[in-house]
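Visitor: Okay, here's the structure, questions in a sec.
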Amino acid sequence: MANSFFSSPRVYFGNGALTALNTLNDRKVAIVTDAFMVSSGKAAALCAHMPRATVSVYGDVRPDPDIDILKEGAAHFKAFRPDVIIALGGGSSLDAAKGIKVTLEEHYQQHRIELIAIPTTSGSGSEVTSYAIISDPQNGRKYPLVSQALVPDIAILDPQLVLSVPRHIAVDTGMDVLTHAIEALVSTGANDFSDALAEKAIALVWRYLPQVYSNEQDICARTHMHNASCMAGMAFNSAGLGLVHGMAHALGGMLHIPHGKINAMLLPLLIEFNSEQASAQTTERYVKLGKILGIEQGSAPQIIAQTVAKIRALNQHFGIPATLKALGTDSAMFEPLRQPLVHATLADGCTASNPRQPTEQDIDRLLTQIAG
């Protein structure tokens, strides 16, 4: 079967990237964002780049958007009938905007809406992917939606927008980028195009995320992390993800753990799991990962073990705990969720492209390990 690699969206990056909004003058523009982006003036600042546009703002996106947010946002814009939706914010705002866009297009039928994504965190890569994560709070679940209709037309990566992101959030989202890139590298859907982007993203994160941690105002490091996030998004949009994300969606949804943090906690554990019964190709890819991280000497098992140790050391440096117990999760709350967590992980779309297909017993064992 033939593979494909997308050439959309058009990506504007670097200082001054927001000037790309100049083309929106005389159009009806809907901005989807959160309350902080409104109160901080960032949403209003976009208007300076399109002074003749007619603008309407929906600023009530909350973390982990659910179906109610999509309905509420779509209702807000129905009478406005926008030509363009600008998604401004972190992954939650971008995912909400995608859902609002397709909801409105279903309502309008023949009226296509252009989608412009402007991320203000370096993490989800949602600005270039066909993915949107929508939550089901009643059942404590997160569902990855996948459709070409969700791919933005334009992505704008302006590093000035991420300078205000606090250190702890920059670290969590940065580890999400690393996880995206590593999972894309070893995914069953990996290909030459996704490899090129995944490998570069890993190298950029490994070099520049510690610099962001050391100095939140390092614009050079922030720029490279913002670009890495986008590259990792392109990589996994083409190749798929894996069991880290399958488990992270389940654990994050049911235990309310930030997505990047639970990814970081699971990543070394899942590299070990995938390496236990790895094909020659998967082993070769993990060795390549180790070499990107600067490990040159040793057999394949030794390089993979050193890779896992390096990632655990990075987590420790950033203050990311190794287990749910160390995170402060109550075991009395965790244990009743064990079976639902197993089922949710196996049903997650990301698990399907993991290089090693897990059984229920495998997931149960991994849950015991991450619980601590």
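If you're wondering about the labels, chains in the structure tokens are A, B, ... by order shown, residues count from 1 in each chain, ligands from 1 in order shown.
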Excluding Lys78 in chain A and its own-chain neighbours fewer than 6 positions away, which residues fall within 10 Å of it when counting only C-alpha atoms? Please give them as an NGL selection string.
Guide: :A and (103-105 or 107-108)
Visitor: Among range 49-128 of chain A, which ones does DSSP place in strand (DSSP E or B), written as a list in words?
Guide: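 Listing strand (DSSP E or B) positions across range 49-128 of chain A yields Thr54, Val55, Ser56, Val57, Tyr58, Gly59, Asp60, Val61, Asp66, Val84, Ile85, Ile86, Ala87, Leu88, Gly89, Glu114, Leu115, Ile116, Ala117, Ile118 and Pro119 of chain A.
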Visitor: What lies within 7 Å of range 236-239 of chain A using only C-alpha atoms, ignoring chain neighbours under 6 positions off, as a list in words?
Guide: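 Using only C-alpha atoms, the neighbours found are Phe5, Thr129, Ser130, His180, Ala181, Ala184, Ser187, Gly189, Ala190, Asn191 and Ser194 of chain A.
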Visitor: Residues at most 10 Å from Ser92 in chain A, counting only C-alpha atoms, excluding those fewer than 4 positions away in the same chain, as a PyMOL selection string?
Guide: chain A and resi 33-34+61-66+87-88+96-98+119+124+126+132-134
Visitor: Could you take the residues named above and write them with C-alpha atoms, as a PDB file, in the first residue's frame?
Guide:
```pdb
ATOM      1  CA  THR A  33      -8.658  30.915  22.731  1.00  0.00           C
ATOM      2  CA  ASP A  34      -8.735  30.827  26.541  1.00  0.00           C
ATOM      3  CA  VAL A  61     -11.649  27.279  26.167  1.00  0.00           C
ATOM      4  CA  ARG A  62     -10.692  25.273  29.255  1.00  0.00           C
ATOM      5  CA  PRO A  63      -7.976  22.636  29.638  1.00  0.00           C
ATOM      6  CA  ASP A  64      -8.889  19.266  28.125  1.00  0.00           C
ATOM      7  CA  PRO A  65     -11.781  20.547  25.965  1.00  0.00           C
ATOM      8  CA  ASP A  66     -14.868  18.378  25.769  1.00  0.00           C
ATOM      9  CA  ALA A  87      -6.637  29.045  17.118  1.00  0.00           C
ATOM     10  CA  LEU A  88      -4.516  30.873  19.698  1.00  0.00           C
ATOM     11  CA  ALA A  96     -11.012  23.071  20.515  1.00  0.00           C
ATOM     12  CA  ALA A  97     -10.672  25.289  17.438  1.00  0.00           C
ATOM     13  CA  LYS A  98     -10.364  22.223  15.210  1.00  0.00           C
ATOM     14  CA  PRO A 119       0.554  27.835  19.335  1.00  0.00           C
ATOM     15  CA  SER A 124       1.356  19.446  21.236  1.00  0.00           C
ATOM     16  CA  SER A 126      -1.368  20.316  16.967  1.00  0.00           C
ATOM     17  CA  ALA A 132      -7.468  16.643  18.169  1.00  0.00           C
ATOM     18  CA  ILE A 133      -7.788  15.325  21.727  1.00  0.00           C
ATOM     19  CA  ILE A 134     -11.331  15.670  23.046  1.00  0.00           C
TER      20      ILE A 134
END
```
Visitor: Do you have the CA of Glu114 in chain A-CA of Asp153 in chain A distance handy?
Guide: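 Distance reported for this atom pair: 6.3 Å.
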Visitor: Output as a Markdown table one row per residue of range 11-123 of chain A within 12 Å of range 260-284 of chain A: the closest atom pair and its distance in Å to one decimal place, counting only C-alpha atoms, sorted by chain and residue number ascending.
Guide:
```
| residue | atom | partner | partner_atom | distance |
| --- | --- | --- | --- | --- |
| A:Gly91 | CA | A:Gly260 | CA | 10.8 |
| A:Thr121 | CA | A:Gly260 | CA | 11.5 |
| A:Ser122 | CA | A:Gly260 | CA | 10.8 |
| A:Gly123 | CA | A:Gly260 | CA | 7.7 |
```
Visitor: I want to know what sits within 9 Å of Asn227 in chain A, based on only C-alpha atoms, with residues of the same chain fewer than 6 positions away left out; could you give that as a ChimeraX atom specification?
Guide: /A:13-14,122,157,159,201,204
Visitor: Restricted to N, CA and C atoms, what would the selected residues look like written as a JSON list (two decimals), in the first residue's frame?
Guide:
```
[["chain", "number", "residue", "atom", "x", "y", "z"],
["A", 13, "PHE", "N", 7.56, 30.93, 10.55],
["A", 13, "PHE", "CA", 8.25, 30.76, 11.82],
["A", 13, "PHE", "C", 9.27, 31.86, 12.05],
["A", 14, "GLY", "N", 9.65, 32.01, 13.32],
["A", 14, "GLY", "CA", 10.66, 33.00, 13.71],
["A", 14, "GLY", "C", 10.02, 34.31, 14.15],
["A", 122, "SER", "N", 5.20, 25.14, 23.36],
["A", 122, "SER", "CA", 5.97, 24.27, 22.46],
["A", 122, "SER", "C", 5.77, 22.85, 22.92],
["A", 157, "LEU", "N", 4.47, 30.14, 13.92],
["A", 157, "LEU", "CA", 5.33, 29.84, 15.08],
["A", 157, "LEU", "C", 6.13, 31.08, 15.43],
["A", 159, "PRO", "N", 8.19, 32.78, 18.34],
["A", 159, "PRO", "CA", 8.75, 32.45, 19.66],
["A", 159, "PRO", "C", 8.45, 33.47, 20.74],
["A", 201, "ALA", "N", 13.96, 16.73, 15.50],
["A", 201, "ALA", "CA", 13.23, 17.20, 16.68],
["A", 201, "ALA", "C", 13.87, 16.67, 17.96],
["A", 204, "LEU", "N", 17.06, 18.62, 18.66],
["A", 204, "LEU", "CA", 16.78, 19.98, 19.13],
["A", 204, "LEU", "C", 16.31, 19.98, 20.58]]
```
Visitor: Have a look at CA of Ser135 in chain A and CA of His249 in chain A and let me know their distance in Å, one decimal.
Guide: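 For CA of Ser135 in chain A relative to CA of His249 in chain A, the distance reads 9.5 Å.
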Visitor: Here is a test: counting only C-alpha atoms, which residue of A:Ile295, A:Leu366, A:Ala232, A:Leu178 is nearest to Val128 in chain A?
Guide: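 That would be A:Ala232, the residue with the smallest distance to Val128 in chain A.
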Visitor: Pro321 in chain A: which residues within 12 Å, counting only C-alpha atoms, same-chain residues fewer than 3 positions away excluded, as a ChimeraX atom specification?
Guide: /A:172,261-266,312-318,324-329,370-372
Visitor: Okay, now the selection with N, CA and C atoms, as a PDB file, in the first residue's frame?
Guide:
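Result went into result_27.pdb, see below:
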```
ATOM      1  N   ASP A 172       7.199  20.312  30.899  1.00  0.00           N
ATOM      2  CA  ASP A 172       6.192  19.280  30.607  1.00  0.00           C
ATOM      3  C   ASP A 172       5.897  19.217  29.107  1.00  0.00           C
ATOM      4  N   LYS A 261       3.644  15.663  31.340  1.00  0.00           N
ATOM      5  CA  LYS A 261       4.276  15.059  32.529  1.00  0.00           C
ATOM      6  C   LYS A 261       4.112  13.548  32.533  1.00  0.00           C
ATOM      7  N   ILE A 262       2.892  13.055  32.277  1.00  0.00           N
ATOM      8  CA  ILE A 262       2.684  11.603  32.302  1.00  0.00           C
ATOM      9  C   ILE A 262       3.408  10.947  31.128  1.00  0.00           C
ATOM     10  N   ASN A 263       3.514  11.632  29.983  1.00  0.00           N
ATOM     11  CA  ASN A 263       4.320  11.110  28.876  1.00  0.00           C
ATOM     12  C   ASN A 263       5.772  10.926  29.309  1.00  0.00           C
ATOM     13  N   ALA A 264       6.320  11.961  29.953  1.00  0.00           N
ATOM     14  CA  ALA A 264       7.718  11.910  30.399  1.00  0.00           C
ATOM     15  C   ALA A 264       7.941  10.761  31.379  1.00  0.00           C
ATOM     16  N   MET A 265       6.988  10.555  32.279  1.00  0.00           N
ATOM     17  CA  MET A 265       7.101   9.488  33.275  1.00  0.00           C
ATOM     18  C   MET A 265       7.064   8.109  32.615  1.00  0.00           C
ATOM     19  N   LEU A 266       6.234   7.965  31.586  1.00  0.00           N
ATOM     20  CA  LEU A 266       6.065   6.668  30.931  1.00  0.00           C
ATOM     21  C   LEU A 266       7.160   6.360  29.911  1.00  0.00           C
ATOM     22  N   ARG A 312      15.763   9.090  32.029  1.00  0.00           N
ATOM     23  CA  ARG A 312      15.381   9.134  33.451  1.00  0.00           C
ATOM     24  C   ARG A 312      16.143  10.246  34.180  1.00  0.00           C
ATOM     25  N   ALA A 313      17.413  10.410  33.847  1.00  0.00           N
ATOM     26  CA  ALA A 313      18.209  11.465  34.482  1.00  0.00           C
ATOM     27  C   ALA A 313      17.696  12.847  34.094  1.00  0.00           C
ATOM     28  N   LEU A 314      17.261  12.989  32.839  1.00  0.00           N
ATOM     29  CA  LEU A 314      16.701  14.274  32.399  1.00  0.00           C
ATOM     30  C   LEU A 314      15.419  14.584  33.164  1.00  0.00           C
ATOM     31  N   ASN A 315      14.551  13.581  33.298  1.00  0.00           N
ATOM     32  CA  ASN A 315      13.328  13.756  34.094  1.00  0.00           C
ATOM     33  C   ASN A 315      13.664  14.190  35.518  1.00  0.00           C
ATOM     34  N   GLN A 316      14.632  13.525  36.097  1.00  0.00           N
ATOM     35  CA  GLN A 316      15.028  13.853  37.474  1.00  0.00           C
ATOM     36  C   GLN A 316      15.548  15.290  37.549  1.00  0.00           C
ATOM     37  N   HIS A 317      16.348  15.695  36.568  1.00  0.00           N
ATOM     38  CA  HIS A 317      16.876  17.062  36.509  1.00  0.00           C
ATOM     39  C   HIS A 317      15.740  18.080  36.469  1.00  0.00           C
ATOM     40  N   PHE A 318      14.661  17.735  35.762  1.00  0.00           N
ATOM     41  CA  PHE A 318      13.521  18.639  35.622  1.00  0.00           C
ATOM     42  C   PHE A 318      12.534  18.531  36.786  1.00  0.00           C
ATOM     43  N   LEU A 324       3.732   7.280  39.988  1.00  0.00           N
ATOM     44  CA  LEU A 324       2.523   7.972  40.438  1.00  0.00           C
ATOM     45  C   LEU A 324       2.568   8.211  41.945  1.00  0.00           C
ATOM     46  N   LYS A 325       3.163   7.261  42.669  1.00  0.00           N
ATOM     47  CA  LYS A 325       3.299   7.428  44.121  1.00  0.00           C
ATOM     48  C   LYS A 325       4.138   8.665  44.434  1.00  0.00           C
ATOM     49  N   ALA A 326       5.255   8.823  43.725  1.00  0.00           N
ATOM     50  CA  ALA A 326       6.115   9.989  43.933  1.00  0.00           C
ATOM     51  C   ALA A 326       5.425  11.278  43.498  1.00  0.00           C
ATOM     52  N   LEU A 327       4.500  11.155  42.540  1.00  0.00           N
ATOM     53  CA  LEU A 327       3.727  12.325  42.085  1.00  0.00           C
ATOM     54  C   LEU A 327       2.690  12.745  43.118  1.00  0.00           C
ATOM     55  N   GLY A 328       2.341  11.811  44.017  1.00  0.00           N
ATOM     56  CA  GLY A 328       1.349  12.120  45.052  1.00  0.00           C
ATOM     57  C   GLY A 328      -0.015  11.527  44.786  1.00  0.00           C
ATOM     58  N   THR A 329      -0.100  10.627  43.792  1.00  0.00           N
ATOM     59  CA  THR A 329      -1.377   9.987  43.480  1.00  0.00           C
ATOM     60  C   THR A 329      -1.734   8.978  44.568  1.00  0.00           C
ATOM     61  N   ILE A 370       4.475   1.854  36.888  1.00  0.00           N
ATOM     62  CA  ILE A 370       4.345   3.316  36.931  1.00  0.00           C
ATOM     63  C   ILE A 370       3.697   3.758  38.246  1.00  0.00           C
ATOM     64  N   ALA A 371       2.913   2.870  38.861  1.00  0.00           N
ATOM     65  CA  ALA A 371       2.273   3.229  40.144  1.00  0.00           C
ATOM     66  C   ALA A 371       3.325   3.421  41.245  1.00  0.00           C
ATOM     67  N   GLY A 372       4.340   2.549  41.270  1.00  0.00           N
ATOM     68  CA  GLY A 372       5.418   2.694  42.245  1.00  0.00           C
ATOM     69  C   GLY A 372       5.072   2.111  43.614  1.00  0.00           C
TER      70      GLY A 372
END
```
Visitor: Using only C-alpha atoms, determine which residues lie at most 8 Å from Ile118 in chain A, disregarding the query and same-chain residues fewer than 5 positions distant; provide the list as a list of chain:residue names.
Guide: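 The residues that qualify are A:Ile86, A:Ala87, A:Leu88, A:Gly89, A:Leu94, A:Glu127, A:Ala155, A:Ile156, A:Leu157, A:Asp158.
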Visitor: Enumerate, in order of chain and increasing residue number, the residues of range 67-180 of chain A with an atom no farther than 10 Å from range 344-362 of chain A, each with its shortest atom pair and distance in Å to one decimal, counting only C-alpha atoms, as a Markdown table.
Guide:
```
| residue | atom | partner | partner_atom | distance |
| --- | --- | --- | --- | --- |
| A:Gly140 | CA | A:Ala344 | CA | 10.0 |
| A:Arg141 | CA | A:Ala344 | CA | 7.7 |
| A:Lys142 | CA | A:Asp348 | CA | 9.0 |
| A:Tyr143 | CA | A:Asp348 | CA | 7.4 |
| A:Pro144 | CA | A:Gly349 | CA | 7.0 |
| A:Leu145 | CA | A:Gly349 | CA | 8.8 |
| A:Val146 | CA | A:Gly349 | CA | 9.1 |
```
Visitor: Store the residues of this selection in a file with C-alpha atoms, as a PDB file, in the first residue's frame.
Guide:
```
ATOM      1  CA  GLY A 140     -12.595  10.099  32.641  1.00  0.00           C
ATOM      2  CA  ARG A 141     -11.443   9.450  29.062  1.00  0.00           C
ATOM      3  CA  LYS A 142      -9.512  11.330  26.381  1.00  0.00           C
ATOM      4  CA  TYR A 143     -10.209  10.463  22.749  1.00  0.00           C
ATOM      5  CA  PRO A 144      -7.797  11.231  19.899  1.00  0.00           C
ATOM      6  CA  LEU A 145      -9.826  12.279  16.853  1.00  0.00           C
ATOM      7  CA  VAL A 146      -8.024  11.876  13.519  1.00  0.00           C
TER       8      VAL A 146
END
```
Visitor: I need the residue nearest Thr23 in chain A from this list: A:Ile154, A:Gly319, A:Thr368, A:Ile257. Use only C-alpha atoms for the distance.
Guide: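 For Thr23 in chain A, the nearest of the given residues is A:Ile154.
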Visitor: Which residue is closest to Met175 in chain A? Choose from A:His259, A:His76, A:Arg285, A:His49 and count only C-alpha atoms.
Guide: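 Counting only C-alpha atoms, the residue closest to Met175 in chain A is A:His259.
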Visitor: Apply DSSP to the backbone of this structure and, from range 151-334 of chain A, keep only the residues in alpha helix (DSSP H); write these as an NGL selection string.
Guide: :A and (167-186 or 192-214 or 219-239 or 243-255 or 259-276 or 280-292 or 300-318 or 324-327 or 331-334)
Visitor: For CA of Tyr286 in chain A and CA of Gly246 in chain A, determine how far apart the two atoms are, in Å to one decimal place.
Guide: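 It comes out at 19.4 Å.
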